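For reference, run15.cif is printed below; it contains mmCIF, C-alpha atoms and all ligand atoms.
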```cif
data_query
#
loop_
_atom_site.label_atom_id
_atom_site.label_comp_id
_atom_site.auth_asym_id
_atom_site.auth_seq_id
_atom_site.Cartn_x
_atom_site.Cartn_y
_atom_site.Cartn_z
CA SER P 66 3.00 7.85 -7.45
CA LEU P 67 2.15 6.50 -4.03
CA THR P 68 4.46 4.00 -2.41
CA ALA P 69 4.46 1.63 0.56
CA GLY P 70 7.68 1.48 2.57
CA ILE P 71 8.87 -1.90 3.76
CA VAL P 72 10.39 -1.89 7.23
CA GLY P 73 11.37 -4.52 9.77
CA LEU P 74 13.94 -5.48 12.35
CA PRO P 75 17.03 -7.38 11.15
CA ASN P 76 16.57 -11.07 10.27
CA VAL P 77 12.81 -11.00 9.95
CA GLY P 78 12.83 -11.73 6.21
CA LYS P 79 12.63 -8.20 4.89
CA SER P 80 15.31 -8.57 2.22
CA THR P 81 13.89 -11.92 1.20
CA LEU P 82 10.49 -10.34 0.66
CA PHE P 83 11.92 -7.33 -1.12
CA ASN P 84 13.87 -9.70 -3.39
CA ALA P 85 10.63 -11.40 -4.29
CA ILE P 86 9.17 -8.01 -5.14
CA THR P 87 12.00 -7.01 -7.46
CA GLN P 88 12.11 -10.52 -9.00
CA ALA P 89 8.41 -10.37 -9.77
CA GLY P 90 9.10 -6.86 -11.08
CA ALA P 91 7.04 -5.24 -13.76
CA GLU P 92 8.13 -5.71 -17.35
CA ALA P 93 10.35 -2.68 -17.88
CA ALA P 94 9.38 -2.35 -21.54
CA ASN P 95 5.86 -1.34 -20.57
CA TYR P 96 6.98 1.42 -18.26
CA PRO P 97 9.81 3.29 -19.98
CA PHE P 98 9.58 6.26 -17.65
CA ALA P 99 9.67 4.33 -14.40
CA THR P 100 12.32 5.48 -11.95
CA ILE P 101 15.30 3.21 -11.55
CA ASP P 102 16.10 3.33 -7.88
CA PRO P 103 17.54 0.18 -6.34
CA ASN P 104 15.41 0.72 -3.25
CA VAL P 105 12.21 0.79 -5.25
CA GLY P 106 10.47 -2.35 -6.50
CA ILE P 107 7.77 -1.89 -9.10
CA VAL P 108 5.20 -4.65 -9.35
CA GLU P 109 2.20 -5.18 -11.56
CA VAL P 110 -1.12 -5.07 -9.76
CA PRO P 111 -2.88 -8.40 -10.24
CA ASP P 112 -6.43 -7.85 -11.49
CA GLU P 113 -8.72 -10.60 -12.81
CA ARG P 114 -10.86 -7.96 -14.51
CA LEU P 115 -8.02 -6.90 -16.78
CA ASN P 116 -7.58 -10.47 -18.01
CA LYS P 117 -11.29 -10.83 -18.66
CA LEU P 118 -11.43 -7.52 -20.53
CA SER P 119 -8.53 -8.62 -22.61
CA GLU P 120 -10.30 -11.87 -23.52
CA LEU P 121 -13.30 -9.83 -24.55
CA VAL P 122 -11.53 -7.19 -26.62
CA GLN P 123 -8.60 -9.27 -27.92
CA PRO P 124 -6.21 -6.32 -28.08
CA LYS P 125 -2.66 -6.37 -29.42
CA LYS P 126 -1.36 -5.54 -25.97
CA THR P 127 -2.54 -5.81 -22.37
CA ILE P 128 -0.92 -3.59 -19.78
CA PRO P 129 -1.52 -3.90 -16.06
CA THR P 130 -1.09 -0.97 -13.73
CA THR P 131 1.77 -0.93 -11.24
CA PHE P 132 2.50 -0.31 -7.62
CA GLU P 133 5.75 0.69 -5.92
CA PHE P 134 7.34 -0.64 -2.78
CA THR P 135 10.29 1.13 -1.19
CA ASP P 136 12.84 -0.78 0.84
CA ILE P 137 13.62 1.18 3.98
CA ALA P 138 16.74 -0.20 5.60
CA GLY P 139 18.21 0.48 8.95
CA ILE P 140 15.73 0.62 11.78
CA VAL P 141 17.71 0.78 14.95
CA LYS P 142 16.66 1.11 18.55
CA GLY P 143 17.07 4.76 19.45
CA ALA P 144 16.26 5.99 15.93
CA SER P 145 14.05 8.71 17.39
CA LYS P 146 17.02 10.10 19.30
CA GLY P 147 18.20 11.20 15.91
CA GLU P 148 21.55 9.51 15.68
CA GLY P 149 23.00 8.97 12.22
CA LEU P 150 21.19 6.05 10.64
CA GLY P 151 18.19 6.64 12.86
CA ASN P 152 17.54 10.03 11.37
CA GLN P 153 17.84 8.65 7.88
CA PHE P 154 15.43 5.86 8.68
CA LEU P 155 12.81 8.30 9.94
CA SER P 156 13.17 10.65 6.99
CA HIS P 157 12.69 7.73 4.60
CA ILE P 158 9.51 6.77 6.42
CA ARG P 159 8.30 10.35 6.17
CA GLN P 160 8.46 10.04 2.39
CA VAL P 161 6.31 6.93 2.01
CA ASP P 162 2.53 6.85 1.99
CA ALA P 163 1.98 3.62 3.90
CA ILE P 164 4.11 1.44 6.13
CA CYS P 165 4.44 -2.28 5.59
CA GLN P 166 6.19 -3.88 8.52
CA VAL P 167 7.59 -7.38 8.07
CA VAL P 168 7.24 -9.34 11.29
CA ARG P 169 8.97 -12.59 12.03
CA CYS P 170 6.54 -15.36 12.87
CA PHE P 171 8.71 -18.25 11.69
CA ARG P 172 10.96 -20.26 13.96
CA ASP P 173 14.36 -21.29 12.73
CA ASP P 174 17.04 -21.96 15.30
CA ASN P 175 19.74 -21.35 12.72
CA ILE P 176 18.68 -17.76 12.23
CA THR P 177 19.38 -15.46 15.11
CA HIS P 178 16.73 -13.13 16.29
CA VAL P 179 17.95 -9.67 17.35
CA SER P 180 16.23 -9.82 20.70
CA GLY P 181 16.95 -13.51 21.24
CA LYS P 182 13.44 -14.86 20.78
CA VAL P 183 10.63 -14.89 18.25
CA ASP P 184 8.16 -12.44 19.71
CA PRO P 185 6.36 -10.49 16.98
CA LEU P 186 4.48 -8.17 19.31
CA ASP P 187 7.68 -7.16 21.00
CA ASP P 188 9.21 -6.51 17.55
CA ILE P 189 6.25 -4.44 16.44
CA GLU P 190 6.37 -2.39 19.62
CA THR P 191 10.09 -1.77 19.24
CA ILE P 192 9.60 -0.18 15.84
CA ASN P 193 6.34 1.58 16.69
CA LEU P 194 7.86 3.11 19.79
CA GLU P 195 10.58 4.81 17.73
CA LEU P 196 7.93 6.23 15.41
CA ILE P 197 5.76 7.32 18.33
CA LEU P 198 8.69 9.13 19.96
CA ALA P 199 9.50 10.90 16.72
CA ASP P 200 5.87 12.00 16.41
CA LEU P 201 5.85 13.22 19.99
CA GLU P 202 8.74 15.47 19.18
CA THR P 203 6.93 16.88 16.15
CA VAL P 204 3.77 17.45 18.18
CA ASN P 205 5.60 19.11 21.08
CA LYS P 206 7.35 21.52 18.74
CA ARG P 207 4.08 22.40 17.10
CA LEU P 208 2.38 22.81 20.48
CA GLN P 209 4.99 25.34 21.56
CA ARG P 210 4.27 27.42 18.49
CA VAL P 211 0.49 27.26 18.77
CA GLU P 212 0.27 27.74 22.53
CA LYS P 213 0.83 31.48 22.53
CA MET P 214 -1.77 32.12 19.85
CA ALA P 215 -4.20 29.86 21.65
CA ARG P 216 -3.82 31.89 24.83
CA GLN P 217 -4.88 34.95 22.85
CA LYS P 218 -8.06 32.97 22.11
CA GLU P 219 -7.46 32.93 18.40
CA LYS P 220 -10.13 30.52 17.24
CA GLU P 221 -8.16 28.33 14.84
CA ALA P 222 -5.23 28.19 17.20
CA VAL P 223 -7.45 27.02 20.04
CA ALA P 224 -8.83 24.22 17.88
CA GLU P 225 -5.36 23.14 16.87
CA TYR P 226 -4.09 23.38 20.42
CA ASN P 227 -6.86 21.11 21.67
CA LEU P 228 -6.26 18.63 18.89
CA LEU P 229 -2.51 18.57 19.45
CA THR P 230 -3.09 17.96 23.15
CA LYS P 231 -5.32 15.02 22.31
CA VAL P 232 -2.72 13.58 19.92
CA LYS P 233 -0.02 14.09 22.50
CA GLU P 234 -1.96 12.22 25.16
CA GLY P 235 -2.47 9.33 22.77
CA LEU P 236 1.20 9.19 21.85
CA GLU P 237 2.21 9.37 25.50
CA ALA P 238 0.01 6.34 26.11
CA GLU P 239 2.13 4.70 23.35
CA LYS P 240 -0.71 4.61 20.86
CA PRO P 241 0.00 5.26 17.18
CA VAL P 242 -2.07 8.16 15.81
CA ARG P 243 -3.98 5.87 13.43
CA ALA P 244 -5.42 4.13 16.52
CA LEU P 245 -6.96 7.35 17.89
CA GLU P 246 -10.51 8.47 17.19
CA PHE P 247 -11.07 11.72 15.32
CA SER P 248 -13.93 13.59 13.70
CA ASP P 249 -13.57 14.21 9.97
CA ASP P 250 -12.49 17.79 10.59
CA GLU P 251 -9.93 16.76 13.18
CA TRP P 252 -8.58 14.11 10.86
CA LYS P 253 -7.99 16.73 8.17
CA LEU P 254 -5.88 18.73 10.61
CA VAL P 255 -4.05 15.61 11.81
CA LYS P 256 -3.14 14.67 8.25
CA GLY P 257 -1.59 18.09 7.80
CA LEU P 258 0.88 17.28 10.57
CA HIS P 259 2.42 14.46 8.48
CA LEU P 260 2.97 12.25 11.48
CA LEU P 261 4.64 8.89 10.98
CA THR P 262 2.11 6.90 12.98
CA SER P 263 -0.85 8.42 11.16
CA LYS P 264 0.17 6.64 7.96
CA PRO P 265 -1.83 3.54 7.12
CA ALA P 266 -0.05 0.39 8.25
CA LEU P 267 0.04 -3.22 7.25
CA TYR P 268 1.87 -6.06 8.96
CA ALA P 269 3.28 -8.84 6.83
CA ALA P 270 3.46 -11.84 9.15
CA ASN P 271 6.32 -13.92 7.80
CA VAL P 272 5.58 -17.58 8.52
CA SER P 273 7.51 -20.77 7.85
CA GLU P 274 7.00 -22.94 4.79
CA ALA P 275 5.01 -25.39 6.92
CA ASP P 276 2.51 -22.76 8.08
CA VAL P 277 1.53 -21.36 4.70
CA GLN P 278 -1.51 -23.58 4.22
CA ASN P 279 -2.97 -22.95 7.62
CA PRO P 280 -1.45 -19.77 9.01
CA ASP P 281 -4.16 -19.36 11.63
CA ALA P 282 -2.72 -22.33 13.47
CA ASN P 283 0.32 -20.17 14.12
CA GLU P 284 -0.16 -18.53 17.51
CA GLU P 285 2.10 -15.62 16.68
CA VAL P 286 -0.01 -14.79 13.62
CA GLN P 287 -3.11 -14.71 15.82
CA LYS P 288 -1.42 -12.31 18.20
CA VAL P 289 -0.38 -10.00 15.37
CA LYS P 290 -3.95 -10.00 14.04
CA GLU P 291 -5.38 -9.02 17.42
CA TYR P 292 -2.79 -6.32 17.86
CA ALA P 293 -3.40 -4.87 14.42
CA ALA P 294 -7.16 -4.81 14.87
CA ASN P 295 -6.70 -2.59 17.93
CA GLU P 296 -4.75 0.02 16.03
CA ASN P 297 -6.61 0.11 12.72
CA ALA P 298 -3.87 -1.71 10.87
CA GLU P 299 -4.12 -4.69 8.52
CA VAL P 300 -2.35 -8.05 8.40
CA ILE P 301 -1.37 -10.39 5.61
CA VAL P 302 0.46 -13.68 5.94
CA VAL P 303 3.43 -14.51 3.73
CA CYS P 304 6.26 -16.96 3.65
CA ALA P 305 8.99 -14.75 2.26
CA LYS P 306 11.12 -17.74 1.27
CA ILE P 307 8.37 -19.26 -0.84
CA GLU P 308 7.53 -15.86 -2.33
CA GLU P 309 11.10 -15.67 -3.56
CA GLU P 310 10.59 -18.96 -5.42
CA ILE P 311 7.17 -18.00 -6.75
CA ALA P 312 8.50 -14.71 -8.08
CA GLU P 313 10.69 -16.60 -10.54
CA LEU P 314 7.74 -18.40 -12.08
CA ASP P 315 5.30 -17.07 -14.61
CA GLY P 316 1.65 -17.60 -15.46
CA GLU P 317 0.89 -21.30 -15.63
CA GLU P 318 3.92 -22.41 -13.64
CA LYS P 319 2.95 -20.08 -10.86
CA GLU P 320 -0.60 -21.38 -10.80
CA MET P 321 0.59 -24.98 -10.59
CA PHE P 322 2.98 -24.16 -7.79
CA LEU P 323 0.25 -22.40 -5.80
CA ASN P 324 -2.06 -25.36 -6.42
CA ASP P 325 0.53 -27.71 -5.00
CA LEU P 326 0.80 -25.52 -1.93
CA GLY P 327 -2.97 -25.52 -1.58
CA ILE P 328 -3.37 -21.76 -1.80
CA THR P 329 -5.19 -19.64 -4.35
CA GLU P 330 -3.22 -16.43 -4.16
CA SER P 331 0.43 -15.74 -3.45
CA GLY P 332 1.33 -13.70 -0.39
CA LEU P 333 2.92 -11.12 -2.62
CA ASP P 334 -0.26 -10.67 -4.65
CA GLN P 335 -2.18 -10.22 -1.39
CA LEU P 336 0.41 -7.72 -0.22
CA ILE P 337 0.05 -5.70 -3.42
CA LYS P 338 -3.74 -5.71 -3.35
CA ARG P 339 -3.99 -4.79 0.32
CA SER P 340 -1.43 -2.00 0.06
CA TYR P 341 -3.31 -0.61 -2.92
CA HIS P 342 -6.54 -0.70 -0.96
CA LEU P 343 -4.92 0.76 2.15
CA LEU P 344 -3.84 3.80 0.13
CA GLY P 345 -7.33 4.43 -1.19
CA LEU P 346 -6.41 3.62 -4.77
CA GLY P 347 -8.79 2.41 -7.45
CA THR P 348 -8.38 1.10 -10.99
CA TYR P 349 -10.10 2.18 -14.16
CA PHE P 350 -9.58 0.66 -17.59
CA THR P 351 -9.18 1.81 -21.16
CA ALA P 352 -10.08 -0.86 -23.68
CA GLY P 353 -9.27 -0.41 -27.35
CA GLU P 354 -8.06 -2.83 -30.00
CA PRO P 355 -4.44 -1.73 -29.82
CA GLU P 356 -4.32 -1.86 -26.05
CA VAL P 357 -6.32 -2.82 -22.99
CA ARG P 358 -4.88 -1.14 -19.99
CA ALA P 359 -5.41 -0.64 -16.26
CA TRP P 360 -4.81 2.77 -14.66
CA THR P 361 -4.41 3.65 -11.01
CA PHE P 362 -6.27 6.63 -9.55
CA PRO P 363 -6.83 7.96 -6.05
CA LYS P 364 -10.49 7.35 -5.20
CA GLY P 365 -12.66 10.45 -5.24
CA ILE P 366 -11.19 12.22 -8.28
CA LYS P 367 -13.27 13.48 -11.18
CA ALA P 368 -13.18 12.41 -14.82
CA PRO P 369 -10.85 15.17 -16.14
CA GLN P 370 -8.21 14.44 -13.48
CA ALA P 371 -8.51 10.74 -14.23
CA ALA P 372 -7.93 11.55 -17.91
CA GLY P 373 -4.88 13.56 -16.88
CA ILE P 374 -3.30 10.41 -15.49
CA ILE P 375 -3.00 9.14 -19.05
CA HIS P 376 -1.84 12.43 -20.52
CA SER P 377 -2.06 16.07 -19.45
CA ASP P 378 -3.57 16.91 -22.88
CA PHE P 379 -6.50 14.63 -22.05
CA GLU P 380 -7.22 16.69 -18.98
CA ARG P 381 -6.78 20.07 -20.65
CA GLY P 382 -8.99 19.22 -23.60
CA PHE P 383 -11.46 17.04 -21.72
CA ILE P 384 -14.93 16.93 -23.26
CA ARG P 385 -16.66 13.78 -22.03
CA ALA P 386 -15.93 10.36 -20.64
CA GLU P 387 -17.84 7.52 -22.23
CA THR P 388 -18.11 5.21 -19.27
CA VAL P 389 -19.42 1.73 -18.56
CA SER P 390 -18.83 -0.25 -15.40
CA TYR P 391 -16.81 -3.43 -15.76
CA ASP P 392 -19.76 -5.57 -14.62
CA ASP P 393 -22.18 -3.96 -17.07
CA LEU P 394 -19.74 -4.34 -19.94
CA MET P 395 -19.15 -8.01 -19.19
CA GLU P 396 -22.88 -8.60 -18.94
CA ALA P 397 -23.55 -6.82 -22.22
CA GLY P 398 -20.75 -8.74 -23.91
CA SER P 399 -19.46 -5.87 -26.05
CA MET P 400 -19.13 -2.11 -26.01
CA GLY P 401 -21.69 -1.87 -28.84
CA LYS P 402 -24.29 -3.81 -26.86
CA ALA P 403 -23.55 -1.79 -23.72
CA ARG P 404 -24.34 1.34 -25.74
CA ASP P 405 -27.52 -0.22 -27.14
CA ASN P 406 -28.85 -1.21 -23.73
CA GLY P 407 -28.00 2.18 -22.25
CA ARG P 408 -25.33 0.97 -19.85
CA ALA P 409 -22.62 3.08 -21.47
CA ARG P 410 -23.02 6.65 -20.21
CA LEU P 411 -21.59 9.95 -21.38
CA GLU P 412 -20.19 11.56 -18.24
CA GLY P 413 -19.10 15.18 -17.85
CA LYS P 414 -16.41 16.98 -15.90
CA ASP P 415 -18.07 16.49 -12.50
CA TYR P 416 -18.29 12.72 -12.74
CA ILE P 417 -16.50 10.95 -9.90
CA VAL P 418 -14.65 7.99 -11.37
CA GLN P 419 -15.46 4.60 -9.84
CA ASP P 420 -13.26 1.58 -9.36
CA GLY P 421 -13.80 -0.76 -12.33
CA ASP P 422 -15.01 1.90 -14.78
CA VAL P 423 -14.11 1.23 -18.40
CA ILE P 424 -13.61 4.65 -19.94
CA HIS P 425 -13.16 6.16 -23.35
CA PHE P 426 -12.16 9.81 -23.04
CA ARG P 427 -13.18 12.33 -25.63
CA PHE P 428 -11.05 15.40 -25.78
CA ASN P 429 -9.97 18.38 -27.94
CA VAL P 430 -6.39 18.69 -28.99
P1 LIG B 501 16.26 -9.15 6.93
O1 LIG B 501 17.45 -8.93 7.78
O2 LIG B 501 15.00 -8.82 7.66
O3 LIG B 501 16.33 -8.54 5.61
O4 LIG B 501 16.14 -10.74 6.77
P2 LIG B 501 16.52 -11.68 5.55
O5 LIG B 501 15.52 -11.55 4.48
O6 LIG B 501 17.93 -11.51 5.19
O7 LIG B 501 16.30 -13.09 6.23
C1 LIG B 501 17.08 -13.53 7.31
C2 LIG B 501 17.20 -15.03 7.25
O8 LIG B 501 15.91 -15.61 7.46
C3 LIG B 501 17.69 -15.52 5.90
O9 LIG B 501 18.57 -16.59 6.14
C4 LIG B 501 16.42 -16.01 5.23
O10 LIG B 501 16.67 -17.06 4.33
C5 LIG B 501 15.59 -16.50 6.40
N1 LIG B 501 14.18 -16.40 6.11
C6 LIG B 501 13.50 -15.33 5.61
N2 LIG B 501 12.21 -15.64 5.45
C7 LIG B 501 12.05 -16.91 5.85
C8 LIG B 501 10.95 -17.81 5.92
O11 LIG B 501 9.83 -17.48 5.55
N3 LIG B 501 11.20 -19.06 6.42
C9 LIG B 501 12.44 -19.44 6.84
N4 LIG B 501 12.63 -20.67 7.31
N5 LIG B 501 13.50 -18.64 6.76
C10 LIG B 501 13.31 -17.40 6.27
#
```
How does the structure come out when it is put into structure tokens?
Amino acid sequence: SLTAGIVGLPNVGKSTLFNAITQAGAEAANYPFATIDPNVGIVEVPDERLNKLSELVQPKKTIPTTFEFTDIAGIVKGASKGEGLGNQFLSHIRQVDAICQVVRCFRDDNITHVSGKVDPLDDIETINLELILADLETVNKRLQRVEKMARQKEKEAVAEYNLLTKVKEGLEAEKPVRALEFSDDEWKLVKGLHLLTSKPALYAANVSEADVQNPDANEEVQKVKEYAANENAEVIVVCAKIEEEIAELDGEEKEMFLNDLGITESGLDQLIKRSYHLLGLGTYFTAGEPEVRAWTFPKGIKAPQAAGIIHSDFERGFIRAETVSYDDLMEAGSMGKARDNGRARLEGKDYIVQDGDVIHFRFNV
């Protein structure tokens, strides 16, 4: 499954946030096959629609879908020069699908900042520069290999050579690859290079307890937002310390606590939802009496592959997917009525599954 890696300089609140993630952790009983890796935090994806479906169907069990965060320790200046920890740090980043960088926007004179002052843009650039340098190395190596073939005017090699040159120029101007403009075809090639700065990125601006209600009053947050907009990255605001407290609460308690703070959604819930979105993931539902459940799928896949997420037998023996959109089902009020008014469709193997579909798969065993 896809995962977002959490990175950050020392003392920015990374461990505090990761603690909140593991505290909030998904109920292990529901996910018996989940990997147990201390660096991975599995959280349930908050989804109002699942709760509403559950109210409608009244199943024995309701199971949310999950999302994984990976704690990536040990960013050090000079990581790209490949010394010890640095190498490890980069190889961990290579393995994640999106990068979530925690950035310190809170002031606290008792907590040292590695560079001596709270300056989120400087922090972001420190980390990004290491990733950019690592990418430059990858691109230069690749260029050397392609150059000869390009000189012989081999068509594909020429295209790749030109693209690599463009990427190289961008990196040399200290731009992450995700900030560069590409055609769809170019982007396909770029993705194949598995560059670190082409991964989708999200900044978690860690603010103080006092700033949670009105984070836009925090100048540093504003700066991070501007910076992110220029490089096609996203921003969420959290107070890691408060998230740690919230993660210990459940349902009603959590709602009351958020009410008291004057916010509607916890930073962690925003982080989960935005990471999910950033990775191009969608959710479909299965809704039977024994169990109403949310399933994660990468957007764009067809019905049989979506069935395969539940069980490989479902994919192999796929016949049809009886499908109704969440909105249509809620409007109809029951599956029976959705069938009567023609909103429930029988979809075949070429159907592209949509976010919010409620599906009943029919299959041969
Ligand atoms: P890491 O080195 O990035 O993992 O940082 P930690 O999570 O260990 O946090 C460093 C220090 O900052 C700890 O003393 C935390 O309690 C404190 N800290 C983290 N987040 C916040 C926050 O939102 N507000 C305040 N005031 N302190 C925080």
Subject >> Environment of ligand LIG 501 (chain B) within 8 Å, counting all atoms listed in the file, reported as a PyMOL selection string >> reply: chain P and resi 73-83+167+169+171-173+176+271-274+303-307
Could you put an axis-aligned box around every listed atom of range 209-213 of chain P, padded by 3 Å on each side, and send me its centre and edge lengths in Å to one decimal, as lines of an AutoDock Vina configuration file?
```
center_x = 2.6
center_y = 28.4
center_z = 20.5
size_x = 10.7
size_y = 12.1
size_z = 10.0
```
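Our summary of the geometry notes that CA of Ala275 in chain P is positioned 20.4 Å from CA of Glu313 in chain P.
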Original post:
Within 6 Å of (-16.1, 8.2, -20.6), all atoms listed in the file: residues as number ranges by chain?
Top reply: P: 385-388, 411-412, 424-426
Please identify every residue of range 240-311 of chain P that has at least one atom no farther than 12 Å from an atom of range 217-225 of chain P, counting all atoms listed in the file, and for each give the shortest atom pair and the distance in Å to one decimal, arranged by chain then increasing number, as a tab-separated table.
```
residue	atom	partner	partner_atom	distance
P:Asp250	CA	P:Ala224	CA	10.4
P:Glu251	CA	P:Glu225	CA	8.7
P:Trp252	CA	P:Glu225	CA	11.3
P:Lys253	CA	P:Glu225	CA	11.1
P:Leu254	CA	P:Glu225	CA	7.7
P:Val255	CA	P:Glu225	CA	9.2
P:Gly257	CA	P:Glu225	CA	11.0
P:Leu258	CA	P:Glu225	CA	10.6
```
Please report as a Markdown table every residue of range 207-293 of chain P lying within 12 Å of range 182-196 of chain P, along with the nearest atom pair and their distance in Å (one decimal), using all atoms listed in the file.
```
| residue | atom | partner | partner_atom | distance |
| --- | --- | --- | --- | --- |
| P:Leu236 | CA | P:Leu194 | CA | 9.3 |
| P:Glu237 | CA | P:Leu194 | CA | 10.2 |
| P:Ala238 | CA | P:Leu194 | CA | 10.6 |
| P:Glu239 | CA | P:Leu194 | CA | 6.9 |
| P:Lys240 | CA | P:Asn193 | CA | 8.7 |
| P:Pro241 | CA | P:Asn193 | CA | 7.3 |
| P:Val242 | CA | P:Leu196 | CA | 10.2 |
| P:Arg243 | CA | P:Asn193 | CA | 11.6 |
| P:Leu260 | CA | P:Leu196 | CA | 8.7 |
| P:Leu261 | CA | P:Leu196 | CA | 6.1 |
| P:Thr262 | CA | P:Leu196 | CA | 6.3 |
| P:Ser263 | CA | P:Leu196 | CA | 10.0 |
| P:Lys264 | CA | P:Leu196 | CA | 10.8 |
| P:Ala266 | CA | P:Asn193 | CA | 10.7 |
| P:Leu267 | CA | P:Ile189 | CA | 11.2 |
| P:Tyr268 | CA | P:Ile189 | CA | 8.8 |
| P:Ala269 | CA | P:Pro185 | CA | 10.7 |
| P:Ala270 | CA | P:Pro185 | CA | 8.5 |
| P:Asn271 | CA | P:Pro185 | CA | 9.8 |
| P:Val272 | CA | P:Pro185 | CA | 11.1 |
| P:Asn283 | CA | P:Pro185 | CA | 11.8 |
| P:Glu284 | CA | P:Pro185 | CA | 10.4 |
| P:Glu285 | CA | P:Pro185 | CA | 6.7 |
| P:Val286 | CA | P:Pro185 | CA | 8.4 |
| P:Gln287 | CA | P:Pro185 | CA | 10.4 |
| P:Lys288 | CA | P:Leu186 | CA | 7.3 |
| P:Val289 | CA | P:Leu186 | CA | 6.5 |
| P:Lys290 | CA | P:Leu186 | CA | 10.1 |
| P:Glu291 | CA | P:Leu186 | CA | 10.1 |
| P:Tyr292 | CA | P:Leu186 | CA | 7.6 |
| P:Ala293 | CA | P:Leu186 | CA | 9.8 |
```
